[in-house]
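Right, one structure below, let's go through it.
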Amino acid sequence: MNNTDTQKDSTIFELTEIEYQDSYDAENDELIAPQYPTFEVRQSRMGIFSTLTKAEQAMKEYIEKQKRYGEEQGKDYLKKLFGFLIDEHKLDKCSWWWRESARNYLHDGSLLDECLTSDTPTEDDDFEDFFGRPADKIRFRNGDLVEVLHGDSVTLEIVGNPPWSPERFDANKIRVKEKFGREFRLDSSDDRYYTLGVSDEDDDVSHDHPLPVRMFPLRFPVSEELRSNLEKRYLRYRAHFDK
């Protein structure tokens with residue numbers, strides 16, 4: 001885990017811009033509101049940086065540049081921005097771009113969330129321990145409607161469960177030790193939400209496990225039909241999960 005400019009190993013910080021795909025009409029300076037449950041975006045790597053500070057500074061300078069350029073043209077080019085990602089990667093490691101840390105930002109450059117547990121395997125194919133996400137780091141609650149980023153698409157989903165909490169981790173650690181006589185461990189793959197997407201009425205199987213840094217707040221209206229679909233799925237899930 002590395003969330004400062006003092007690095008324990010050589011790492012780089014990859015800055016990615018996310019724009020709405022075919023939703024911003026530059027000629028008329030209009031954002032054509034994307035339609036849920038799914039809309040397209042475009043991810044573009046903006047640069048590789050030696051520190052998080054430099055990556056964030058470059059992001060903020062880009063936002064200001066777009067703002068000034070838009071003002072000169074009498075347009076608001078910030079409308080095309082969906083958000084930003086900054087992923088930290090270890091150098092000289094053949095690991096398919098595993099992350100040392102990850103962060104997501106809103107279109108104005110404000111930090112939304114971060115994952116600080118490394119998912120890069122060690123030389124012994126072990127992973128850094130995850131001890132739960134504190135309550136003050138849980139951005140979304142059960143039943144919240146959210147936007148989930150999947151590559152170049154964004155889907156409307158409802159939160160079924162948040163990531164593991166420290167309290168839940170501690171309780172399971174004691175239970176597993178007493179019942180099975182072994183250690184209970186979590187890693188970065190457990191720092192995820194449980195979400196449900198729009199589907200057929202009888203679908204009680206399909207779901208998703210997005211990273212906190214791939215989730216964003218709603219920013220467009222949700223139809224009553226979609227809201228009802230998701231809320232019914234959520235209630236069916238809770239009825240099963242809370243048994």
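Residues are referred to by chain and number: the chain letter is A, B, ... according to the order shown in the structure tokens, the number counts from 1 in that chain, and ligands are numbered separately from 1 in the order shown.
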**Asked** Hey, what's within 6 Å of region 162-173 of chain A if we count only C-alpha atoms and toss same-chain stuff fewer than 6 positions away? As a list of chain:residue names, please?
**Response**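 Near neighbours after the sequence-gap exclusion: A:Phe131, A:Gly132, A:Arg133, A:Pro134, A:Phe184, A:Asp191, A:Arg192, A:Tyr193.
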**Request:** Find the spatial neighbours of Gly151 (chain A), counting only C-alpha atoms, within a cut-off of 12 Å - ignore same-chain residues fewer than 2 positions away - and output them as a list of chain:residue names.
**Result:**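 Close residues of Gly151 (chain A): A:Thr16, A:Ile18, A:Glu19, A:Phe39, A:Glu40, A:Val41, A:Arg42, A:Gln43, A:Ser44, A:Leu85, A:Val148, A:Leu149, A:Ser153, A:Val154, A:Thr155, A:Pro210, A:Arg214, A:Met215.
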Can you write just those residues out, C-alpha atoms, as an mmCIF file, in the first residue's frame?
```
data_model
loop_
_atom_site.group_PDB
_atom_site.id
_atom_site.type_symbol
_atom_site.label_atom_id
_atom_site.label_comp_id
_atom_site.auth_asym_id
_atom_site.auth_seq_id
_atom_site.Cartn_x
_atom_site.Cartn_y
_atom_site.Cartn_z
ATOM 1 C CA THR A 16 -6.982 8.417 -16.893
ATOM 2 C CA ILE A 18 -13.213 9.612 -18.624
ATOM 3 C CA GLU A 19 -15.440 11.471 -21.088
ATOM 4 C CA PHE A 39 -24.508 4.612 -21.414
ATOM 5 C CA GLU A 40 -21.103 4.780 -23.082
ATOM 6 C CA VAL A 41 -17.986 6.643 -21.989
ATOM 7 C CA ARG A 42 -14.433 6.828 -23.308
ATOM 8 C CA GLN A 43 -11.310 6.323 -21.206
ATOM 9 C CA SER A 44 -8.061 7.994 -22.277
ATOM 10 C CA LEU A 85 -8.942 7.651 -12.317
ATOM 11 C CA VAL A 148 -20.855 1.694 -11.944
ATOM 12 C CA LEU A 149 -17.991 2.055 -14.406
ATOM 13 C CA SER A 153 -19.701 1.743 -20.253
ATOM 14 C CA VAL A 154 -21.563 2.902 -17.146
ATOM 15 C CA THR A 155 -24.536 1.026 -15.702
ATOM 16 C CA PRO A 210 -17.457 -3.381 -8.192
ATOM 17 C CA ARG A 214 -15.349 2.314 -9.961
ATOM 18 C CA MET A 215 -18.581 3.637 -8.435
#
```
**Request:** Quick one: pick out all strand (DSSP E) residues within region 130-230 of chain A from a backbone DSSP run and write them as a PyMOL selection string.
**Result:** chain A and resi 145-150+153-161+194-197+215-217
I need the residues from that last selection saved to file as a PDB file, in the first residue's frame (with C-alpha atoms), if you can.
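Output below, filename result10.pdb:
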```
ATOM      1  CA  LEU A 145     -28.725   3.805  -6.681  1.00  0.00           C
ATOM      2  CA  VAL A 146     -25.272   4.288  -8.204  1.00  0.00           C
ATOM      3  CA  GLU A 147     -23.380   4.508 -11.471  1.00  0.00           C
ATOM      4  CA  VAL A 148     -20.855   1.694 -11.944  1.00  0.00           C
ATOM      5  CA  LEU A 149     -17.991   2.055 -14.406  1.00  0.00           C
ATOM      6  CA  HIS A 150     -17.300  -1.037 -16.513  1.00  0.00           C
ATOM      7  CA  SER A 153     -19.701   1.743 -20.253  1.00  0.00           C
ATOM      8  CA  VAL A 154     -21.563   2.902 -17.146  1.00  0.00           C
ATOM      9  CA  THR A 155     -24.536   1.026 -15.702  1.00  0.00           C
ATOM     10  CA  LEU A 156     -27.235   1.925 -13.228  1.00  0.00           C
ATOM     11  CA  GLU A 157     -27.147  -0.437 -10.232  1.00  0.00           C
ATOM     12  CA  ILE A 158     -28.395  -0.656  -6.642  1.00  0.00           C
ATOM     13  CA  VAL A 159     -26.191  -1.377  -3.628  1.00  0.00           C
ATOM     14  CA  GLY A 160     -26.997  -4.684  -1.926  1.00  0.00           C
ATOM     15  CA  ASN A 161     -24.117  -4.714   0.550  1.00  0.00           C
ATOM     16  CA  TYR A 194     -22.289  -6.112  -3.857  1.00  0.00           C
ATOM     17  CA  THR A 195     -24.591  -4.520  -6.438  1.00  0.00           C
ATOM     18  CA  LEU A 196     -27.589  -5.541  -8.525  1.00  0.00           C
ATOM     19  CA  GLY A 197     -28.431  -4.272 -11.995  1.00  0.00           C
ATOM     20  CA  MET A 215     -18.581   3.637  -8.435  1.00  0.00           C
ATOM     21  CA  PHE A 216     -20.011   7.124  -8.892  1.00  0.00           C
ATOM     22  CA  PRO A 217     -23.096   8.972  -7.616  1.00  0.00           C
TER      23      PRO A 217
END
```
**Message:** What parts of region 22-173 of chain A does DSSP call alpha helix (DSSP H)? I'd like the answer as a count of residues only.
**Reply:** 30
**Of the listed residues A:Gly47, A:Gly74, A:Gly109, A:Gly83, that which approaches Lys60 (chain A) most closely, counting only C-alpha atoms** =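 Using only C-alpha atoms, the shortest distance to Lys60 (chain A) belongs to A:Gly109.
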**Prompt:** In terms of the shortest atom-to-atom distance over only C-alpha atoms, which of A:Ser206, A:Ser101, A:Ser189, A:Asn28 is closest to Asp113 (chain A)?
**Reply:**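 The shortest atom-to-atom distance to Asp113 (chain A) comes from A:Ser101.
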**Message:** Just want the 8 Å neighbourhood of region 118-122 of chain A, counted on only C-alpha atoms, with same-chain residues fewer than 5 positions away dropped. Output as a ChimeraX atom specification.
**Reply:** /A:1,90,95,98-101,127-128,187-189
Write the residues of the selection above to a file with N, CA and C atoms, as a short mmCIF file (atom, residue, chain, number, x, y, z; two decimals), in the first residue's frame.
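Saved as result08.cif:
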```cif
data_model
loop_
_atom_site.label_atom_id
_atom_site.label_comp_id
_atom_site.auth_asym_id
_atom_site.auth_seq_id
_atom_site.Cartn_x
_atom_site.Cartn_y
_atom_site.Cartn_z
N MET A 1 0.85 -1.19 0.00
CA MET A 1 0.00 0.00 0.00
C MET A 1 0.89 1.23 0.00
N LYS A 90 3.25 -0.96 -9.63
CA LYS A 90 4.64 -1.22 -9.28
C LYS A 90 5.45 -1.45 -10.56
N SER A 95 2.93 -8.34 -13.72
CA SER A 95 1.74 -8.65 -12.93
C SER A 95 0.46 -8.16 -13.57
N TRP A 98 -1.53 -5.07 -12.05
CA TRP A 98 -2.14 -5.03 -10.72
C TRP A 98 -1.91 -3.66 -10.12
N ARG A 99 -2.76 -3.28 -9.18
CA ARG A 99 -2.68 -1.95 -8.59
C ARG A 99 -2.10 -1.98 -7.17
N GLU A 100 -1.23 -1.02 -6.90
CA GLU A 100 -0.77 -0.80 -5.53
C GLU A 100 -1.80 0.04 -4.77
N SER A 101 -2.43 0.96 -5.48
CA SER A 101 -3.52 1.76 -4.92
C SER A 101 -4.35 2.28 -6.09
N PHE A 127 -0.68 -12.01 -0.78
CA PHE A 127 -1.27 -10.69 -1.00
C PHE A 127 -1.34 -9.92 0.31
N GLU A 128 -1.36 -8.61 0.19
CA GLU A 128 -1.50 -7.75 1.36
C GLU A 128 -2.85 -7.97 2.03
N ASP A 187 -8.21 -10.04 1.41
CA ASP A 187 -7.26 -9.25 0.63
C ASP A 187 -8.03 -8.21 -0.17
N SER A 188 -7.36 -7.55 -1.10
CA SER A 188 -7.96 -6.43 -1.83
C SER A 188 -9.21 -6.83 -2.60
N SER A 189 -9.32 -8.09 -2.98
CA SER A 189 -10.50 -8.54 -3.73
C SER A 189 -11.76 -8.52 -2.87
#
```
**Request:** Compare A:Asp242, A:Pro221, A:Tyr237, A:Ser50 by their minimum atom-to-atom distance to Gln35 (chain A), counting only C-alpha atoms, and give me the closest one.
**Result:**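 Distance minimum relative to Gln35 (chain A) lands on A:Pro221.
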**Message:** I'd like to know which of A:Leu211, A:Leu81, A:Ala239, A:Glu225 is closest to Arg139 (chain A), using only C-alpha atoms.
**Reply:**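 Among A:Leu211, A:Leu81, A:Ala239, A:Glu225, it is A:Leu211 that comes nearest to Arg139 (chain A).
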List the neighbours of Ala102 (chain A) out to 7 Å using only C-alpha atoms; skip same-chain residues closer than 5 positions along the sequence, and give me the result as a PDB file with N, CA and C atoms, in the first residue's frame.
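Below is the file around_22.pdb, written as the result:
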```pdb
ATOM      1  N   ILE A  86      -6.907   7.515 -11.012  1.00  0.00           N
ATOM      2  CA  ILE A  86      -5.462   7.457 -10.839  1.00  0.00           C
ATOM      3  C   ILE A  86      -5.135   6.114 -10.197  1.00  0.00           C
ATOM      4  N   ASP A  87      -4.451   5.267 -10.950  1.00  0.00           N
ATOM      5  CA  ASP A  87      -4.052   3.944 -10.467  1.00  0.00           C
ATOM      6  C   ASP A  87      -2.535   3.907 -10.297  1.00  0.00           C
ATOM      7  N   GLU A  88      -2.103   3.365  -9.170  1.00  0.00           N
ATOM      8  CA  GLU A  88      -0.673   3.239  -8.883  1.00  0.00           C
ATOM      9  C   GLU A  88      -0.216   1.816  -9.212  1.00  0.00           C
ATOM     10  N   GLU A 114     -10.985   5.903  -2.583  1.00  0.00           N
ATOM     11  CA  GLU A 114      -9.663   5.328  -2.805  1.00  0.00           C
ATOM     12  C   GLU A 114      -9.599   3.916  -2.234  1.00  0.00           C
ATOM     13  N   CYS A 115      -8.813   3.084  -2.891  1.00  0.00           N
ATOM     14  CA  CYS A 115      -8.507   1.723  -2.423  1.00  0.00           C
ATOM     15  C   CYS A 115      -6.998   1.683  -2.176  1.00  0.00           C
ATOM     16  N   LEU A 116      -6.607   1.430  -0.932  1.00  0.00           N
ATOM     17  CA  LEU A 116      -5.204   1.537  -0.547  1.00  0.00           C
ATOM     18  C   LEU A 116      -4.559   0.201  -0.205  1.00  0.00           C
ATOM     19  N   VAL A 213     -13.712   2.352  -6.138  1.00  0.00           N
ATOM     20  CA  VAL A 213     -13.183   3.393  -7.029  1.00  0.00           C
ATOM     21  C   VAL A 213     -13.716   3.271  -8.458  1.00  0.00           C
TER      22      VAL A 213
END
```
**Message:** Please list as a VMD selection string every residue within 12 Å of Ile63 (chain A), counting only C-alpha atoms and excluding residues in the same chain fewer than 4 positions away.
**Reply:** chain A and resid 17 56 to 59 67 to 70 76 to 84 105 to 110
May I have the selected residues written with C-alpha atoms, as a PDB file, in the first residue's frame?
```pdb
ATOM      1  CA  GLU A  17      -9.635  10.826 -18.122  1.00  0.00           C
ATOM      2  CA  GLU A  56      -3.308  15.125  -9.254  1.00  0.00           C
ATOM      3  CA  GLN A  57      -1.670  18.409 -10.211  1.00  0.00           C
ATOM      4  CA  ALA A  58      -1.731  17.448 -13.890  1.00  0.00           C
ATOM      5  CA  MET A  59      -5.423  16.558 -13.580  1.00  0.00           C
ATOM      6  CA  LYS A  67     -12.309  25.683 -18.427  1.00  0.00           C
ATOM      7  CA  ARG A  68     -10.270  28.602 -19.817  1.00  0.00           C
ATOM      8  CA  TYR A  69     -10.416  27.308 -23.373  1.00  0.00           C
ATOM      9  CA  GLY A  70     -14.159  26.903 -23.096  1.00  0.00           C
ATOM     10  CA  ASP A  76     -18.470  24.837 -21.223  1.00  0.00           C
ATOM     11  CA  TYR A  77     -16.120  22.019 -22.148  1.00  0.00           C
ATOM     12  CA  LEU A  78     -16.249  20.652 -18.603  1.00  0.00           C
ATOM     13  CA  LYS A  79     -19.676  19.232 -19.489  1.00  0.00           C
ATOM     14  CA  LYS A  80     -17.971  16.460 -21.463  1.00  0.00           C
ATOM     15  CA  LEU A  81     -16.038  15.213 -18.423  1.00  0.00           C
ATOM     16  CA  PHE A  82     -17.366  12.207 -16.511  1.00  0.00           C
ATOM     17  CA  GLY A  83     -14.449  11.847 -14.103  1.00  0.00           C
ATOM     18  CA  PHE A  84     -10.860  10.681 -13.602  1.00  0.00           C
ATOM     19  CA  TYR A 105     -12.365  11.570  -8.938  1.00  0.00           C
ATOM     20  CA  LEU A 106     -15.419  13.534  -9.989  1.00  0.00           C
ATOM     21  CA  HIS A 107     -15.420  15.697 -13.124  1.00  0.00           C
ATOM     22  CA  ASP A 108     -14.218  18.713 -11.120  1.00  0.00           C
ATOM     23  CA  GLY A 109     -11.156  16.835  -9.826  1.00  0.00           C
ATOM     24  CA  SER A 110     -12.436  16.269  -6.290  1.00  0.00           C
TER      25      SER A 110
END
```
**Asked** What gap, in Å, lies between CA of Arg219 (chain A) and CA of Arg236 (chain A)?
**Response**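 A separation of 25.9 Å between them.
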